[in-house]
Amino acid sequence: MRVALFLTCVNDTLYPDTGRAVVKLLTRLGVDVDFPMAQTCCGQAHYNTGYRREAEPLARHFSDVFGEYDAIVTPSGSCGAMVRELYPRMGERARAEGRGDTLAVTLAPVVPKTYELTEFLVDVLGVTDVGAYYPHKVTYHPTCHGLRGLGLGERPLRLLQAVKGLELVELPGADECCGFGGTFALKNPDVSAAMGADKVRNAESTGAEVLCAADNSCLMHIGGTMTRLRTGIRPVHIAEILASTEEEPAV
Amino acid sequence: MSGTYLGMPAFADAAREAVGNTTLRGNLRHATHTIRAKRAKAVTEVSDWAELREAGKRIKDHTLRHLDRYLVRLEESVTAAGGVVHWAADADEANEIVTQLVKMTGETEVVKVKSMATQEIGLNEALEAEGIHAYETDLAELIVQLGKDRPSHILVPAIHRNRGEIRDIFAREMSEWGRPAPEGLTDSPAELAEAARLHLREKFLRAKVGISGANFMVAETGTLVVVESEGNGRMCLTLPETLISVVGIEKIVPTWQDLEVFLQTLPRSSTAERMNPYTSTWTGTTDQDGPGAFHLVLLDNGRTDTLADEVGRQALRCIRCSACLNVCPVYERAGGHAYGSVYPGPIGAILSPQLRGTGSEIDASLPYASSLCGACYEVCPVAIDIPEVLVHLRERVVQGGEVTREGNKVVLRPAKGHAAERAAMRAARWAFTHAGALRTGQRVASRTRRFHPRTLPGPGRAWSGTRDLPPVPAEPFRDWWQRTRGGKDGDR
């Protein structure tokens, strides 16, 4: 099986540690993962802000870069949902606008092959115990597009529950949005910040050291709020927890 | 829609005020979380909820697809049952029709059943301008009317008020409108309800004209249905001599059997009740029982234009249950007034810019009043994909394009104020289709990282006013991958 890592533009630029963690984790599980250098961005920010026509070349580019692989793994619920939910919709819209089937046909192959990381681990590799060690108290925030878009369900929790040394505590109001929402964070900063502060206070109330999620975009907002509010809790991507072992523990 | 809302600031500005109002935040948080939890429980009790949701969606889609046919059928049925049907293309026409109908009775007072359609057209204000007093009889609408306030929720219009505020409004205002509040009124729910009951009883017994909306209209029989939980609706529907109902054209269902679905999904979704307390149905007029004259005003007011849009038309499936408001994290913090419309919350954010168009500042900002978290879609009992329509309307705002307004195809120009964003999106699209350009940008960011500020000036404050910026790493992932051959040459 030829497996490609679609890291996402945000992770590539700002969170390379998450990318390294995915590579380390998948390699440990016997997967030879490739990182196609031509990859850039799925187009989610364009699409969701109303620039669908600007997102189309990015989707075509994604399809060009990843089309030949058997599986495309991404450590981002929202970018995964962009490909799986919204690429088909982009194709349909182009068709409805009388622009033919070209876009739909171009994008179709990558849609079923794209997996969010925890889906790939649980559904494709069939593992929940990835042999990780992480001796910390952790609470998990299921990000909206992972939860309601992709339907990740219990997968991330099952993976975390199997991590040695990890104490998992429930996050109150877990399924409520953190308030990031892409350009929403800039267009409605006051509501976004209020949602972020509530999320951080809920996380703090658990007594956890770490708030874990499967999407660094949300964690960027939550983490930025945490440091601004001077809380002791910190944001960590689930890949970094799952990659951590007794031999090479993550901090 | 209602003139009351003209000149509203754009959503983000209006929301800023609400976010800073701690009383309002507390009231909304308490109320929405309570209803949210109750609804979730009421829905899990029904084993075939998913099927009911799908059935509701299909009935509505079918009816909307053949709306022309069902409207004519409804008119025939209502007329045959002794009612008179009027057609109103917009708010002004509807207000004019209702005003003339009331004037013909010679009355200067009407009692009202809670109705979103009459709120939408600003009927109370239009009647007042002609010297006709309209009295709201739903408890929450009464609170709003007495408080010279605006509704902030579809189902719970006074959700932004707490008991203490309601007591003050009753004690202060009731005497201006009729029977005063009892002396020494406290904020106990029973006392407040009793004060409202006494105040309203006088109105019910005196009024000769009742005005309502309807939750459903059954095409096959010409029957109208009002679903309410206080009994005030039934008073207004049965006691007056003349009944005038103003109903949006999308409220039709083909048959009585279709009601079976919605009378299960609506109460559970809205008030979390297993069965609705007062479900009133009436078909035209009946000799010596109930109103002797019945008028149905069928309201378009942007609905046909909305129906013309392939993506946006699903908003017309809405049965006004408010479940989407109660789960929305944005509504919970911004409050209903920020939406500048009688339709707040997620459904309002897709309904108002379609019914009114995206021309005003507030309407152009509503499609952005969402983080696209999807909670609204999940709870919607007729499966309206609100995030899909929000994004579709964002496109309409920033890219313009063909829309239907007043029955005509027009081409909208992109809205003003998005030029910088559009340029940034184009530049990003260029960089993202040229991996080399992206890489150069990443490297510049990494190499200058020691000079990056923790906060940003100007528009960047929208982020860094409340959140620290993430530190830029020493090298982007792609450089590490290339340098170490994917970690094969060592992790560091």
# chains A, B, ... in the order shown; residues from 1 in each chain; ligands from 1

$ interface_residues --of "chain B" --to "chain A" --cutoff "7 Å" --atoms "only C-alpha atoms" --output "number ranges by chain"
B: 12, 15-16, 19, 329-330, 333-334, 368, 370-374, 391-392, 394-395, 398, 425-426, 429, 432-433, 435, 442, 462-463, 466-470, 472-473, 476-478

$ select_by_dssp --residues "range 231-345 of chain B" --states "strand (DSSP E or B)" --output "ChimeraX atom specification"
/B:242-248,252-253,278-283,286,289,293-299

$ residues_around --residues "range 47-52 of chain B" --least-positions-apart "5" --cutoff "12 Å" --atoms "only C-alpha atoms" --output "JSON, numbers by chain"
{"B": [40, 41, 42, 57, 58, 59, 258, 259, 260, 261, 262, 263, 264, 265, 266, 268, 269, 378, 379, 380, 381, 382, 383]}

$ closest_residue --among "B:Pro182, B:Gly290, B:Gly147, B:Pro267" --to "Ile166 in chain B" --atoms "only C-alpha atoms"
B:Gly147

$ residues_around --residues "Glu107 in chain B" --least-positions-apart "3" --cutoff "10 Å" --atoms "only C-alpha atoms" --output "ChimeraX atom specification"
/B:101-104,110,131-133,207-209

$ residues_around --residues "range 166-169 of chain A" --least-positions-apart "4" --cutoff "6 Å" --atoms "only C-alpha atoms" --output "ChimeraX atom specification"
/A:134-139

$ atom_distance --atom1 "CA of Phe11 in chain B" --atom2 "CA of Gln399 in chain B"
19.8 Å

$ select_by_dssp --residues "range 14-131 of chain A" --states "helix (DSSP H, G or I)" --output "JSON list (two decimals) with C-alpha atoms, in the first residue's frame"
[["chain", "number", "residue", "atom", "x", "y", "z"],
["A", 14, "LEU", "CA", 3.68, 26.15, 11.87],
["A", 16, "PRO", "CA", 6.34, 20.51, 11.88],
["A", 17, "ASP", "CA", 6.52, 18.53, 15.15],
["A", 18, "THR", "CA", 3.08, 17.13, 14.40],
["A", 19, "GLY", "CA", 4.31, 16.04, 10.97],
["A", 20, "ARG", "CA", 7.39, 14.39, 12.47],
["A", 21, "ALA", "CA", 5.16, 12.65, 15.02],
["A", 22, "VAL", "CA", 2.92, 11.22, 12.30],
["A", 23, "VAL", "CA", 5.94, 9.93, 10.38],
["A", 24, "LYS", "CA", 7.44, 8.40, 13.53],
["A", 25, "LEU", "CA", 4.13, 6.79, 14.52],
["A", 26, "LEU", "CA", 3.32, 5.35, 11.11],
["A", 27, "THR", "CA", 6.90, 4.11, 10.62],
["A", 28, "ARG", "CA", 6.72, 2.37, 14.00],
["A", 44, "GLN", "CA", -10.62, 24.83, 2.84],
["A", 45, "ALA", "CA", -10.12, 28.45, 3.89],
["A", 46, "HIS", "CA", -10.97, 29.64, 0.39],
["A", 47, "TYR", "CA", -14.02, 27.45, 0.11],
["A", 48, "ASN", "CA", -15.46, 28.22, 3.51],
["A", 49, "THR", "CA", -14.94, 31.96, 3.17],
["A", 52, "ARG", "CA", -15.14, 28.40, -4.15],
["A", 53, "ARG", "CA", -13.78, 29.28, -7.58],
["A", 54, "GLU", "CA", -10.39, 30.09, -6.02],
["A", 55, "ALA", "CA", -10.49, 26.77, -4.15],
["A", 56, "GLU", "CA", -10.99, 24.75, -7.33],
["A", 57, "PRO", "CA", -7.39, 25.00, -8.62],
["A", 58, "LEU", "CA", -6.18, 23.94, -5.16],
["A", 59, "ALA", "CA", -8.47, 20.91, -5.18],
["A", 60, "ARG", "CA", -7.27, 19.97, -8.68],
["A", 61, "HIS", "CA", -3.68, 20.39, -7.48],
["A", 62, "PHE", "CA", -4.42, 18.12, -4.49],
["A", 63, "SER", "CA", -5.82, 15.51, -6.82],
["A", 64, "ASP", "CA", -2.75, 15.74, -9.09],
["A", 65, "VAL", "CA", -0.36, 15.35, -6.17],
["A", 66, "PHE", "CA", -2.14, 12.56, -4.32],
["A", 77, "GLY", "CA", -10.16, 16.64, 10.87],
["A", 78, "SER", "CA", -11.17, 19.78, 9.02],
["A", 79, "CYS", "CA", -8.85, 19.30, 6.02],
["A", 80, "GLY", "CA", -9.93, 15.65, 5.88],
["A", 81, "ALA", "CA", -13.56, 16.75, 5.86],
["A", 82, "MET", "CA", -12.77, 19.29, 3.15],
["A", 83, "VAL", "CA", -11.64, 16.51, 0.82],
["A", 84, "ARG", "CA", -14.22, 13.93, 1.78],
["A", 85, "GLU", "CA", -17.33, 16.12, 2.14],
["A", 86, "LEU", "CA", -16.69, 19.21, 0.11],
["A", 87, "TYR", "CA", -14.68, 18.02, -2.92],
["A", 88, "PRO", "CA", -17.70, 16.02, -4.13],
["A", 89, "ARG", "CA", -19.87, 19.07, -3.53],
["A", 90, "MET", "CA", -17.49, 21.24, -5.57],
["A", 91, "GLY", "CA", -17.80, 18.80, -8.43],
["A", 92, "GLU", "CA", -21.58, 18.85, -8.20],
["A", 93, "ARG", "CA", -21.69, 22.63, -8.17],
["A", 94, "ALA", "CA", -19.50, 22.87, -11.26],
["A", 95, "ARG", "CA", -21.83, 20.43, -12.98],
["A", 96, "ALA", "CA", -24.91, 22.41, -11.91],
["A", 102, "THR", "CA", -14.40, 17.54, -15.52],
["A", 103, "LEU", "CA", -13.97, 18.80, -11.97],
["A", 104, "ALA", "CA", -16.11, 16.03, -10.45],
["A", 105, "VAL", "CA", -14.17, 13.38, -12.37],
["A", 106, "THR", "CA", -10.80, 14.92, -11.46],
["A", 107, "LEU", "CA", -11.60, 15.04, -7.75],
["A", 108, "ALA", "CA", -13.46, 11.75, -7.39],
["A", 109, "PRO", "CA", -10.43, 9.42, -6.99],
["A", 110, "VAL", "CA", -8.92, 11.13, -3.93],
["A", 117, "LEU", "CA", -5.12, 10.02, 11.12],
["A", 118, "THR", "CA", -7.23, 8.32, 13.80],
["A", 119, "GLU", "CA", -9.49, 6.80, 11.13],
["A", 120, "PHE", "CA", -6.47, 5.44, 9.31],
["A", 121, "LEU", "CA", -5.11, 3.89, 12.50],
["A", 122, "VAL", "CA", -8.36, 2.33, 13.68],
["A", 123, "ASP", "CA", -10.12, 1.48, 10.40],
["A", 124, "VAL", "CA", -7.30, 0.79, 7.96]]

$ residues_around --residues "Glu402 in chain B" --least-positions-apart "3" --cutoff "8 Å" --atoms "only C-alpha atoms" --output "JSON, numbers by chain"
{"B": [409, 410, 411, 412]}
